[in-house]
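One file, entry_3.txt, carrying compact mmCIF, C-alpha atoms and all ligand atoms:
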# COMPACT_ATOMS: atom_id res chain seq x y z
CA MET A 1 102.96 -72.80 -47.23
CA ILE A 2 101.11 -69.75 -48.58
CA ILE A 3 97.41 -70.29 -48.00
CA ALA A 4 94.68 -68.78 -50.18
CA PRO A 5 90.93 -69.46 -50.17
CA ARG A 6 89.72 -72.28 -52.42
CA ILE A 7 85.96 -71.90 -52.50
CA ARG A 8 83.54 -74.56 -53.76
CA GLY A 9 79.91 -73.46 -53.41
CA PHE A 10 79.06 -73.15 -49.73
CA ILE A 11 82.42 -74.22 -48.41
CA CYS A 12 86.01 -73.22 -48.53
CA LEU A 13 88.46 -76.11 -48.85
CA THR A 14 91.30 -74.25 -47.16
CA ALA A 15 91.59 -72.36 -43.88
CA HIS A 16 94.18 -69.93 -42.58
CA PRO A 17 95.69 -70.62 -39.14
CA GLN A 18 96.70 -67.01 -38.39
CA GLY A 19 93.37 -65.68 -39.61
CA CYS A 20 91.51 -68.16 -37.41
CA GLU A 21 93.74 -67.23 -34.49
CA GLN A 22 93.06 -63.53 -35.03
CA ASN A 23 89.30 -64.26 -35.04
CA ILE A 24 89.71 -65.98 -31.66
CA VAL A 25 91.72 -63.08 -30.25
CA ASN A 26 89.05 -60.63 -31.44
CA GLN A 27 86.31 -62.71 -29.81
CA ILE A 28 88.24 -63.02 -26.54
CA ASN A 29 88.80 -59.25 -26.51
CA HIS A 30 85.10 -58.63 -27.03
CA VAL A 31 84.17 -60.85 -24.07
CA LYS A 32 86.81 -59.26 -21.83
CA SER A 33 85.64 -55.75 -22.80
CA LYS A 34 82.18 -56.56 -21.41
CA GLY A 35 83.43 -57.50 -17.94
CA ALA A 36 83.06 -60.57 -15.75
CA ILE A 37 79.98 -62.80 -15.97
CA ASN A 38 78.86 -64.68 -12.87
CA GLY A 39 78.55 -67.94 -14.82
CA PRO A 40 79.32 -71.62 -14.25
CA LYS A 41 82.89 -72.82 -13.83
CA ARG A 42 82.75 -76.22 -15.55
CA VAL A 43 81.29 -76.16 -19.04
CA LEU A 44 80.87 -78.78 -21.76
CA VAL A 45 80.29 -77.47 -25.30
CA ILE A 46 79.07 -79.96 -27.90
CA GLY A 47 79.81 -78.38 -31.30
CA SER A 48 82.55 -76.12 -29.93
CA SER A 49 84.77 -75.40 -32.93
CA THR A 50 82.83 -72.85 -35.01
CA GLY A 51 79.80 -70.54 -34.93
CA PHE A 52 77.63 -70.22 -31.83
CA GLY A 53 79.23 -73.15 -29.99
CA LEU A 54 82.72 -71.67 -30.31
CA ALA A 55 81.44 -68.26 -29.20
CA SER A 56 79.74 -69.92 -26.21
CA ARG A 57 82.98 -71.61 -25.21
CA ILE A 58 84.96 -68.36 -25.50
CA THR A 59 82.31 -66.52 -23.45
CA ALA A 60 82.35 -69.17 -20.69
CA ALA A 61 86.15 -69.25 -20.52
CA PHE A 62 86.96 -65.57 -20.81
CA GLY A 63 83.78 -64.21 -19.20
CA SER A 64 83.58 -66.56 -16.21
CA GLU A 65 87.02 -68.22 -16.10
CA ALA A 66 85.33 -71.55 -16.78
CA SER A 67 87.12 -74.81 -17.42
CA THR A 68 85.80 -76.02 -20.77
CA VAL A 69 85.57 -79.36 -22.54
CA GLY A 70 84.87 -79.07 -26.27
CA VAL A 71 83.49 -81.68 -28.67
CA TYR A 72 83.64 -81.18 -32.44
CA PHE A 73 84.24 -82.91 -35.76
CA GLU A 74 87.17 -81.33 -37.59
CA LYS A 75 89.85 -82.29 -40.08
CA PRO A 76 93.46 -82.14 -38.83
CA PRO A 77 96.17 -80.70 -41.08
CA ALA A 78 98.46 -82.83 -43.23
CA PRO A 79 101.70 -81.67 -44.86
CA GLY A 80 100.71 -79.27 -47.65
CA LYS A 81 97.00 -79.49 -46.74
CA THR A 82 95.35 -77.16 -44.30
CA ALA A 83 93.16 -78.29 -41.43
CA SER A 84 89.50 -77.25 -41.36
CA ALA A 85 88.81 -73.84 -39.85
CA GLY A 86 87.34 -75.32 -36.66
CA TRP A 87 90.61 -77.15 -36.06
CA TYR A 88 92.63 -73.92 -36.19
CA ASN A 89 89.97 -72.13 -34.14
CA THR A 90 90.24 -74.75 -31.42
CA ALA A 91 94.03 -74.78 -31.48
CA ALA A 92 94.08 -71.00 -31.01
CA PHE A 93 91.35 -71.01 -28.36
CA GLU A 94 93.05 -73.70 -26.28
CA ALA A 95 96.45 -72.03 -26.52
CA LYS A 96 94.96 -68.71 -25.34
CA ALA A 97 92.97 -70.44 -22.58
CA GLN A 98 96.04 -72.23 -21.28
CA GLU A 99 98.06 -69.00 -21.41
CA ALA A 100 95.36 -67.48 -19.23
CA GLY A 101 95.60 -70.41 -16.79
CA LEU A 102 92.26 -71.90 -17.86
CA TYR A 103 91.61 -75.62 -18.30
CA ALA A 104 90.58 -76.41 -21.90
CA LYS A 105 90.53 -79.86 -23.46
CA SER A 106 88.67 -81.45 -26.30
CA ILE A 107 87.55 -84.54 -28.14
CA ASN A 108 87.47 -84.65 -31.94
CA GLY A 109 84.91 -87.12 -33.24
CA ASP A 110 81.27 -87.92 -33.97
CA ALA A 111 79.23 -86.42 -31.12
CA PHE A 112 76.22 -88.51 -32.22
CA SER A 113 78.05 -91.73 -31.33
CA ASP A 114 77.98 -93.57 -27.99
CA ASP A 115 81.76 -93.93 -28.12
CA ILE A 116 82.43 -90.17 -28.13
CA LYS A 117 79.91 -89.67 -25.31
CA ARG A 118 81.84 -92.27 -23.29
CA GLN A 119 85.17 -90.57 -24.03
CA VAL A 120 83.79 -87.21 -22.92
CA ILE A 121 82.41 -88.71 -19.70
CA ASP A 122 85.79 -90.32 -18.95
CA LEU A 123 87.55 -87.01 -19.52
CA ILE A 124 85.13 -85.16 -17.22
CA LYS A 125 85.53 -87.81 -14.51
CA ALA A 126 89.30 -87.68 -14.73
CA ASP A 127 89.72 -83.90 -14.84
CA LEU A 128 86.67 -81.95 -13.66
CA GLY A 129 84.46 -84.36 -11.76
CA GLN A 130 81.22 -82.73 -12.85
CA ILE A 131 79.77 -80.22 -15.31
CA ASP A 132 77.53 -77.24 -14.48
CA LEU A 133 76.56 -76.16 -18.00
CA VAL A 134 76.14 -78.17 -21.21
CA ILE A 135 75.87 -76.20 -24.45
CA TYR A 136 74.45 -78.21 -27.35
CA SER A 137 75.36 -76.50 -30.65
CA LEU A 138 75.67 -79.18 -33.31
CA ALA A 139 74.82 -78.41 -36.92
CA SER A 140 75.26 -81.34 -39.27
CA PRO A 141 73.83 -82.58 -42.56
CA ARG A 142 73.82 -86.22 -41.37
CA ARG A 143 73.67 -88.43 -38.33
CA THR A 144 74.43 -92.09 -37.81
CA HIS A 145 71.98 -93.27 -35.18
CA PRO A 146 73.98 -94.76 -32.29
CA LYS A 147 71.47 -97.50 -31.43
CA THR A 148 70.44 -98.68 -34.91
CA GLY A 149 73.33 -97.64 -37.18
CA VAL A 150 70.84 -96.06 -39.60
CA VAL A 151 72.29 -93.02 -41.41
CA TYR A 152 69.93 -90.06 -41.67
CA ASN A 153 70.44 -87.14 -44.08
CA SER A 154 68.72 -83.81 -43.49
CA VAL A 155 67.13 -81.74 -46.26
CA LEU A 156 66.21 -78.05 -46.45
CA LYS A 157 62.79 -78.14 -48.08
CA PRO A 158 59.33 -76.68 -47.63
CA ILE A 159 56.45 -78.88 -46.48
CA GLY A 160 53.14 -79.24 -48.30
CA GLN A 161 53.77 -76.92 -51.24
CA VAL A 162 56.39 -75.76 -53.70
CA PHE A 163 58.27 -72.73 -52.41
CA THR A 164 59.25 -70.06 -54.92
CA ASN A 165 61.15 -66.97 -53.93
CA LYS A 166 64.29 -64.95 -54.56
CA THR A 167 67.72 -66.15 -53.66
CA VAL A 168 71.24 -64.86 -54.20
CA ASP A 169 74.47 -66.51 -55.21
CA PHE A 170 76.56 -64.59 -52.70
CA HIS A 171 79.77 -65.13 -54.67
CA THR A 172 78.47 -63.45 -57.82
CA GLY A 173 75.65 -61.27 -56.44
CA LEU A 174 73.24 -62.81 -58.93
CA VAL A 175 69.66 -62.65 -57.64
CA SER A 176 67.33 -65.23 -59.17
CA ASP A 177 64.11 -67.07 -58.47
CA ILE A 178 64.29 -70.57 -57.09
CA SER A 179 61.59 -73.14 -56.65
CA ILE A 180 62.02 -75.87 -54.09
CA GLN A 181 59.87 -78.98 -54.22
CA PRO A 182 58.22 -79.99 -50.94
CA ALA A 183 59.71 -82.72 -48.79
CA ASN A 184 58.08 -86.11 -48.42
CA GLU A 185 57.35 -87.70 -45.02
CA GLU A 186 60.59 -89.65 -44.99
CA GLU A 187 62.65 -86.51 -45.63
CA ILE A 188 60.86 -84.72 -42.80
CA GLU A 189 61.56 -87.61 -40.42
CA ASN A 190 65.19 -87.81 -41.50
CA THR A 191 65.73 -84.09 -40.91
CA VAL A 192 64.18 -84.36 -37.45
CA ALA A 193 66.43 -87.36 -36.73
CA VAL A 194 69.51 -85.27 -37.59
CA MET A 195 68.72 -81.79 -36.23
CA GLY A 196 65.96 -82.53 -33.70
CA GLY A 197 66.39 -83.13 -29.99
CA GLU A 198 66.97 -86.88 -29.68
CA ASP A 199 70.75 -86.65 -29.50
CA TRP A 200 70.62 -83.75 -27.01
CA GLY A 201 68.43 -86.00 -24.84
CA PHE A 202 70.88 -88.91 -25.20
CA TRP A 203 73.77 -86.70 -24.11
CA ILE A 204 71.99 -85.49 -20.99
CA GLU A 205 70.80 -89.02 -20.08
CA ASP A 206 74.31 -90.41 -20.42
CA LEU A 207 75.96 -87.56 -18.52
CA LYS A 208 73.40 -87.87 -15.75
CA ALA A 209 73.64 -91.66 -15.52
CA ALA A 210 77.42 -91.34 -15.22
CA GLY A 211 77.01 -88.92 -12.32
CA VAL A 212 78.89 -86.11 -14.05
CA LEU A 213 76.09 -83.53 -14.02
CA ALA A 214 76.32 -81.21 -11.03
CA GLN A 215 73.41 -80.25 -8.81
CA GLY A 216 71.56 -77.40 -10.54
CA ALA A 217 73.12 -78.13 -13.93
CA THR A 218 71.82 -76.16 -16.90
CA THR A 219 71.78 -77.18 -20.55
CA VAL A 220 71.12 -74.91 -23.54
CA ALA A 221 70.53 -75.69 -27.24
CA TYR A 222 70.12 -73.19 -30.08
CA SER A 223 67.18 -72.57 -32.37
CA TYR A 224 66.01 -70.14 -35.03
CA ILE A 225 62.64 -68.66 -35.99
CA GLY A 226 63.10 -65.84 -38.51
CA PRO A 227 60.65 -63.74 -40.53
CA ALA A 228 57.72 -64.44 -42.85
CA ILE A 229 59.99 -64.23 -45.93
CA THR A 230 61.90 -67.37 -44.95
CA GLU A 231 59.09 -69.12 -43.07
CA ALA A 232 58.08 -71.59 -45.80
CA VAL A 233 61.62 -72.87 -46.28
CA TYR A 234 62.85 -72.48 -42.71
CA ARG A 235 60.48 -72.50 -39.75
CA ASN A 236 57.57 -74.19 -41.54
CA GLY A 237 59.93 -76.41 -43.53
CA THR A 238 61.85 -79.56 -42.68
CA ILE A 239 64.44 -77.78 -40.53
CA GLY A 240 61.63 -76.05 -38.63
CA ARG A 241 60.15 -79.45 -37.77
CA ALA A 242 63.53 -80.40 -36.36
CA LYS A 243 63.61 -77.16 -34.33
CA ASP A 244 60.07 -77.87 -33.03
CA ASP A 245 61.38 -81.24 -31.85
CA LEU A 246 64.49 -79.66 -30.29
CA GLU A 247 62.37 -77.11 -28.46
CA ALA A 248 60.03 -79.83 -27.15
CA THR A 249 63.05 -81.80 -25.97
CA ALA A 250 63.98 -78.94 -23.61
CA PHE A 251 60.84 -79.73 -21.59
CA SER A 252 61.50 -83.47 -21.44
CA ILE A 253 65.11 -82.87 -20.38
CA THR A 254 63.98 -80.47 -17.64
CA GLU A 255 61.68 -83.27 -16.42
CA LYS A 256 64.63 -85.69 -16.32
CA LEU A 257 66.78 -83.17 -14.42
CA LYS A 258 64.18 -82.47 -11.71
CA ASP A 259 65.96 -84.43 -8.98
CA LEU A 260 69.15 -82.46 -9.70
CA ASP A 261 67.24 -79.20 -9.77
CA GLY A 262 68.56 -78.81 -13.30
CA LYS A 263 66.98 -77.12 -16.29
CA ALA A 264 67.10 -77.20 -20.09
CA TYR A 265 66.63 -74.10 -22.27
CA VAL A 266 66.47 -73.30 -25.91
CA SER A 267 67.88 -69.95 -26.97
CA VAL A 268 66.59 -68.51 -30.24
CA ASN A 269 69.55 -66.80 -31.89
CA LYS A 270 69.90 -64.28 -34.68
CA ALA A 271 70.49 -65.24 -38.33
CA LEU A 272 74.23 -65.10 -38.99
CA VAL A 273 76.72 -66.24 -41.58
CA THR A 274 78.07 -69.62 -40.50
CA GLN A 275 79.11 -72.70 -42.43
CA SER A 276 75.64 -74.13 -41.81
CA SER A 277 73.48 -71.13 -42.69
CA SER A 278 75.23 -70.35 -45.97
CA ALA A 279 73.95 -73.67 -47.34
CA ILE A 280 70.28 -72.82 -46.77
CA PRO A 281 68.50 -71.40 -49.85
CA VAL A 282 67.05 -67.86 -49.56
CA ILE A 283 68.73 -67.28 -46.17
CA PRO A 284 71.88 -65.60 -47.60
CA LEU A 285 69.75 -62.97 -49.38
CA TYR A 286 67.76 -62.38 -46.19
CA ILE A 287 70.98 -62.10 -44.16
CA SER A 288 72.48 -59.59 -46.63
CA LEU A 289 69.44 -57.33 -46.19
CA LEU A 290 69.27 -57.90 -42.44
CA TYR A 291 72.96 -56.99 -42.04
CA LYS A 292 72.40 -53.77 -43.94
CA VAL A 293 69.41 -52.75 -41.82
CA MET A 294 70.91 -53.79 -38.49
CA LYS A 295 74.29 -52.19 -39.20
CA ASP A 296 72.60 -48.93 -40.25
CA ALA A 297 70.57 -49.00 -37.02
CA GLY A 298 73.62 -49.81 -34.87
CA LEU A 299 72.06 -53.15 -33.87
CA HIS A 300 74.32 -55.61 -35.67
CA GLU A 301 75.80 -58.50 -33.71
CA GLY A 302 77.99 -61.47 -34.63
CA CYS A 303 78.14 -64.85 -32.88
CA ILE A 304 80.31 -63.56 -30.04
CA GLU A 305 78.12 -60.51 -29.32
CA GLN A 306 75.08 -62.81 -29.32
CA MET A 307 76.56 -65.39 -26.96
CA GLN A 308 78.10 -62.78 -24.65
CA ARG A 309 74.67 -61.16 -24.34
CA LEU A 310 72.99 -64.55 -23.84
CA PHE A 311 75.30 -65.35 -20.92
CA GLN A 312 75.48 -61.90 -19.31
CA ASP A 313 71.92 -60.59 -19.79
CA ARG A 314 69.89 -63.79 -19.93
CA LEU A 315 71.35 -66.98 -18.47
CA PHE A 316 73.56 -65.60 -15.68
CA SER A 317 72.27 -62.11 -14.97
CA GLY A 318 71.25 -63.08 -11.45
CA LYS A 319 67.64 -62.29 -12.32
CA GLU A 320 64.94 -64.69 -13.37
CA ILE A 321 65.57 -65.87 -16.95
CA ALA A 322 63.11 -64.17 -19.28
CA THR A 323 61.45 -66.49 -21.81
CA ASP A 324 58.72 -66.20 -24.43
CA GLU A 325 55.30 -67.89 -24.37
CA LYS A 326 56.95 -71.15 -25.48
CA GLY A 327 59.61 -71.06 -22.78
CA ARG A 328 62.37 -69.97 -25.17
CA ILE A 329 65.11 -67.45 -24.43
CA ARG A 330 65.17 -64.82 -27.19
CA VAL A 331 68.39 -63.17 -28.30
CA ASP A 332 66.89 -62.73 -31.75
CA ASP A 333 64.93 -59.85 -30.19
CA TRP A 334 66.77 -57.15 -32.17
CA GLU A 335 66.52 -59.07 -35.46
CA MET A 336 62.77 -59.50 -34.93
CA ARG A 337 62.07 -55.87 -33.98
CA GLU A 338 59.14 -54.56 -35.98
CA ASP A 339 61.06 -51.62 -37.46
CA VAL A 340 63.94 -53.88 -38.52
CA GLN A 341 61.63 -56.43 -40.14
CA ALA A 342 59.53 -53.77 -41.89
CA GLU A 343 62.67 -52.34 -43.48
CA VAL A 344 63.97 -55.77 -44.50
CA ALA A 345 60.59 -56.63 -46.08
CA LYS A 346 60.69 -53.39 -48.08
CA LEU A 347 64.25 -54.04 -49.27
CA TRP A 348 63.30 -57.61 -50.15
CA GLU A 349 60.77 -56.29 -52.67
CA GLU A 350 63.31 -53.85 -54.13
CA SER A 351 66.21 -56.28 -54.44
CA ASP A 352 67.45 -57.69 -57.71
CA THR A 353 70.89 -58.27 -59.18
CA ASP A 354 71.30 -54.58 -60.08
CA THR A 355 70.01 -53.07 -56.83
CA LEU A 356 71.41 -55.53 -54.27
CA PRO A 357 74.76 -53.70 -53.90
CA GLN A 358 72.68 -50.77 -52.54
CA THR A 359 69.77 -52.57 -50.87
CA GLY A 360 71.87 -55.19 -49.13
CA ASP A 361 75.18 -55.72 -47.42
CA LEU A 362 76.48 -58.37 -49.78
CA ALA A 363 80.04 -57.18 -49.14
CA GLY A 364 79.52 -57.77 -45.41
CA TYR A 365 78.12 -61.23 -46.15
CA LYS A 366 81.11 -62.16 -48.30
CA LYS A 367 83.57 -60.84 -45.74
CA ASP A 368 81.91 -62.83 -42.95
CA PHE A 369 81.97 -65.93 -45.17
CA LEU A 370 85.71 -65.55 -45.83
CA ASN A 371 86.30 -64.74 -42.15
CA LEU A 372 84.78 -68.13 -41.21
CA PHE A 373 87.85 -69.73 -42.78
CA GLY A 374 90.35 -67.19 -41.48
CA PHE A 375 90.53 -65.12 -44.69
CA ASP A 376 90.11 -61.36 -45.14
CA VAL A 377 90.84 -60.82 -41.45
CA ALA A 378 92.43 -57.46 -40.61
CA GLY A 379 96.01 -57.63 -39.40
CA VAL A 380 96.92 -60.95 -41.06
CA ASP A 381 99.70 -61.13 -43.66
CA TYR A 382 98.33 -63.50 -46.30
CA ASP A 383 101.51 -63.33 -48.40
CA ALA A 384 103.63 -64.75 -45.59
CA GLU A 385 104.73 -68.37 -45.32
CA THR A 386 102.63 -70.04 -42.65
CA ASP A 387 102.86 -73.41 -40.90
CA GLU A 388 99.74 -75.45 -41.66
CA MET A 389 100.66 -78.20 -39.15
CA VAL A 390 99.22 -76.43 -36.09
CA GLN A 391 98.23 -78.87 -33.32
CA ILE A 392 95.53 -78.60 -30.66
CA PRO A 393 97.14 -78.42 -27.20
CA GLY A 394 94.41 -80.19 -25.21
CA LEU A 395 93.24 -82.82 -27.70
CA SER A 396 92.70 -86.15 -25.94
P1 LIG B 1 78.39 -74.34 -37.25
O1 LIG B 1 78.40 -75.14 -38.49
O2 LIG B 1 79.22 -73.11 -37.19
O3 LIG B 1 78.85 -75.26 -36.00
C1 LIG B 1 78.53 -76.61 -35.91
C2 LIG B 1 79.41 -77.30 -34.89
O4 LIG B 1 79.01 -78.67 -34.80
C3 LIG B 1 80.91 -77.33 -35.24
O5 LIG B 1 81.67 -77.19 -34.06
C4 LIG B 1 81.10 -78.75 -35.79
O6 LIG B 1 82.43 -79.28 -35.63
C5 LIG B 1 80.13 -79.50 -34.92
N1 LIG B 1 79.69 -80.78 -35.48
C6 LIG B 1 78.94 -81.00 -36.60
N2 LIG B 1 78.72 -82.33 -36.75
C7 LIG B 1 79.32 -82.94 -35.70
C8 LIG B 1 79.44 -84.28 -35.28
N3 LIG B 1 78.87 -85.29 -35.94
N4 LIG B 1 80.15 -84.54 -34.15
C9 LIG B 1 80.74 -83.55 -33.44
N5 LIG B 1 80.65 -82.25 -33.78
C10 LIG B 1 79.96 -81.96 -34.90
O7 LIG B 1 76.87 -74.05 -36.94
P2 LIG B 1 76.11 -72.87 -36.16
O8 LIG B 1 75.48 -71.99 -37.17
O9 LIG B 1 76.93 -72.31 -35.06
O10 LIG B 1 74.89 -73.73 -35.55
C11 LIG B 1 74.85 -74.17 -34.20
C12 LIG B 1 73.41 -74.18 -33.76
O11 LIG B 1 72.89 -72.85 -33.80
C13 LIG B 1 72.49 -75.02 -34.66
O12 LIG B 1 71.52 -75.65 -33.86
C14 LIG B 1 71.83 -73.96 -35.53
O13 LIG B 1 70.59 -74.38 -36.06
C15 LIG B 1 71.66 -72.86 -34.51
N6 LIG B 1 71.40 -71.52 -35.08
C16 LIG B 1 72.12 -71.03 -36.13
C17 LIG B 1 71.80 -69.77 -36.67
C18 LIG B 1 72.58 -69.19 -37.82
O14 LIG B 1 72.07 -68.25 -38.45
N7 LIG B 1 73.75 -69.69 -38.13
C19 LIG B 1 70.78 -68.99 -36.08
C20 LIG B 1 70.09 -69.50 -34.98
C21 LIG B 1 70.40 -70.78 -34.49
NA NA B 2 78.57 -74.11 -33.26
Could you quickly redo this structure as structure tokens?
Ligand code: NAD
Ligand code: NA
Amino acid sequence: MIIAPRIRGFICLTAHPQGCEQNIVNQINHVKSKGAINGPKRVLVIGSSTGFGLASRITAAFGSEASTVGVYFEKPPAPGKTASAGWYNTAAFEAKAQEAGLYAKSINGDAFSDDIKRQVIDLIKADLGQIDLVIYSLASPRRTHPKTGVVYNSVLKPIGQVFTNKTVDFHTGLVSDISIQPANEEEIENTVAVMGGEDWGFWIEDLKAAGVLAQGATTVAYSYIGPAITEAVYRNGTIGRAKDDLEATAFSITEKLKDLDGKAYVSVNKALVTQSSSAIPVIPLYISLLYKVMKDAGLHEGCIEQMQRLFQDRLFSGKEIATDEKGRIRVDDWEMREDVQAEVAKLWEESDTDTLPQTGDLAGYKKDFLNLFGFDVAGVDYDAETDEMVQIPGLS
């Protein structure tokens, strides 16, 4: 079939297999261009099909020749209907990994469930024995609690007061004011239940109890802080409460891993266009301005540059891992530079529908959004017939 983007709000209903494959090839080439990383050899990535989790998996495999197990929730293709982008990403990644002689297998299903945890443990036991590094990179709007069956939905709202600020519809470039009503207690709790640390803790407990965590195992989850402009809706909002909980969970996991000499970290990453972040109000306008400033300063990074730097310069540099006063690894250091933030704050004041094409990198935002689904990728022939029925080589 000939595959074109079909966009509905924050998502694209179609994905392009060759475009997704080209994105994988580009990411692999970036990792290879940076040289070998002295990292772990057996890596589990939970949330491995898109965004930071995918970039982590590519970095582990092509930076350290790691065997990788991936867990994700993606839609397979059907005749005349494309798969989701993460499906094609994984198919391309696993094909390239196997070509390079690297073990790569995966499980498609609900990572919050006990059943998927069991399947992953069985796969590790059968094929790898143990795991040295667990990356936890889930982003989801809902979670079914595995012990109670209760379904929690997360919300993106401020806490305590109405939040009013600018936002952009990144499809049209229209800048407008939005007001978001504050969350109630139940919404805060629900968001923490979905995006907080409980499930990360469950994973590590189950992996440890099954004996599949190696001596000295490390686990890393991802967080975000961001600037004053987005604070009320992000870090001081419902999602921020969930991130507080996730960050606190790192300490309780480290406690549980003491006898293995293991350790849990949170890495604070840069704001980037992913399927998750494009749904958060105000963030797309901030990202458009941030992209402009960071590109002009030669500081821009995508998911793969971020994760390659996290592995090479932070986690596996051979030196002590540098952390902030709250024990967090910071690869948002360039985003948070004072000069960068001062410029973004100035552009924020100046931005409206008319000025945004100059003040911000809306074109870069849109391109990254399309790229998520394999569209607008250089070197891909979008007029060509393409086979939507691509399968994942190592899917159990
Ligand atoms: P993403 O949407 O690109 O990736 C989410 C991954 O989770 C996908 O692989 C998806 O298949 C998987 N997933 C979702 N629900 C699942 C389920 N129930 N079972 C199994 N797999 C499931 O998101 P992302 O932006 O890469 O976010 C990953 C982490 O990074 C999140 O914790 C996010 O808060 C954090 N982070 C994101 C940004 C950003 O700007 N995007 C910045 C800093 C930190
Ligand atoms: Na991810």
What's the separation between atom CA of A:Ser154 and atom CA of A:Asn89, in Å to one decimal place?
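Spanning atom CA of A:Ser154 to atom CA of A:Asn89 is a straight-line distance of 26.0 Å.
If you look at atom CA of A:Lys125 and atom CA of A:Asp110, they are 19.9 Å away from each other.
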Residue nearest A:Asp127 among A:Lys319, A:Arg143, A:Arg57, A:Arg42 (counting only C-alpha atoms)
A:Arg42
Which value, in Å to one decimal, gives the distance between atom CA of A:Leu356 and atom CA of A:Ala228?
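Going from atom CA of A:Leu356 over to atom CA of A:Ala228 covers 19.9 Å.
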Which residues form the shell of 6 Å around ligand LIG 1 (chain B) when you count all atoms listed in the file, given as an MDAnalysis selection string?
chainID A and resid 47:53 71:74 109:112 137:140 222:224 268:277
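The shortest atom-to-atom distance to ligand NA 2 (chain B), with all atoms listed in the file taken into account, belongs to A:Ala55 out of A:Phe170, A:Ala55, A:Gln391, A:Pro40.
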List the spatial neighbours of A:Ser64 as a list in words - criterion: any atom at most 7 Å away, only C-alpha atoms, same-chain residues fewer than 5 positions off excluded.
Ala36, Ile37, Asn38, Gly39, Pro40 and Lys41 of chain A
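Residues with any atom within 12 Å of A:Leu299, counting all atoms listed in the file and excluding same-chain neighbours fewer than 3 positions away, are Lys270, Leu290, Tyr291, Lys292, Val293, Met294, Lys295, Asp296, Gly302, Glu305, Gln306, Asp332, Asp333, Trp334, Glu335, Met336, Arg337, Asp339 and Val340 of chain A.
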Could you turn the residues from that selection into a file that holds C-alpha atoms, as a short mmCIF file (atom, residue, chain, number, x, y, z; two decimals), in the frame of the given file?
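Dumped everything to selection24.cif:
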data_model
loop_
_atom_site.label_atom_id
_atom_site.label_comp_id
_atom_site.auth_asym_id
_atom_site.auth_seq_id
_atom_site.Cartn_x
_atom_site.Cartn_y
_atom_site.Cartn_z
CA LYS A 270 69.90 -64.28 -34.68
CA LEU A 290 69.27 -57.90 -42.44
CA TYR A 291 72.96 -56.99 -42.04
CA LYS A 292 72.40 -53.77 -43.94
CA VAL A 293 69.41 -52.75 -41.82
CA MET A 294 70.91 -53.79 -38.49
CA LYS A 295 74.29 -52.19 -39.20
CA ASP A 296 72.60 -48.93 -40.25
CA GLY A 302 77.99 -61.47 -34.63
CA GLU A 305 78.12 -60.51 -29.32
CA GLN A 306 75.08 -62.81 -29.32
CA ASP A 332 66.89 -62.73 -31.75
CA ASP A 333 64.93 -59.85 -30.19
CA TRP A 334 66.77 -57.15 -32.17
CA GLU A 335 66.52 -59.07 -35.46
CA MET A 336 62.77 -59.50 -34.93
CA ARG A 337 62.07 -55.87 -33.98
CA ASP A 339 61.06 -51.62 -37.46
CA VAL A 340 63.94 -53.88 -38.52
#
Go through A:Ala193, A:Ile188, A:Met307, A:Cys12 and flag the residue nearest ligand NA 2 (chain B), using only C-alpha atoms and all ligand atoms for the distances.
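Ranking A:Ala193, A:Ile188, A:Met307, A:Cys12 by distance to ligand NA 2 (chain B), first place goes to A:Met307.
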Where's the centre, and what are the edge lengths in Å to one decimal, of a box along x, y and z enclosing all listed atoms of stretch 45-53 of chain A padded 5 Å per side, as JSON?
{"center_x": 81.2, "center_y": -75.1, "center_z": -30.2, "size_x": 17.1, "size_y": 19.7, "size_z": 19.7}
Measuring between only C-alpha atoms, which one of A:Ile58, A:Val43, A:Pro79, A:Tyr286 shows the shortest distance to A:Met1?
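Residue with the minimum atom-to-atom distance to A:Met1: A:Pro79.
With distances restricted to only C-alpha atoms and all ligand atoms, A:Tyr136 is the closest residue to ligand NA 2 (chain B) from A:Phe93, A:Tyr136, A:Phe62, A:Trp87.
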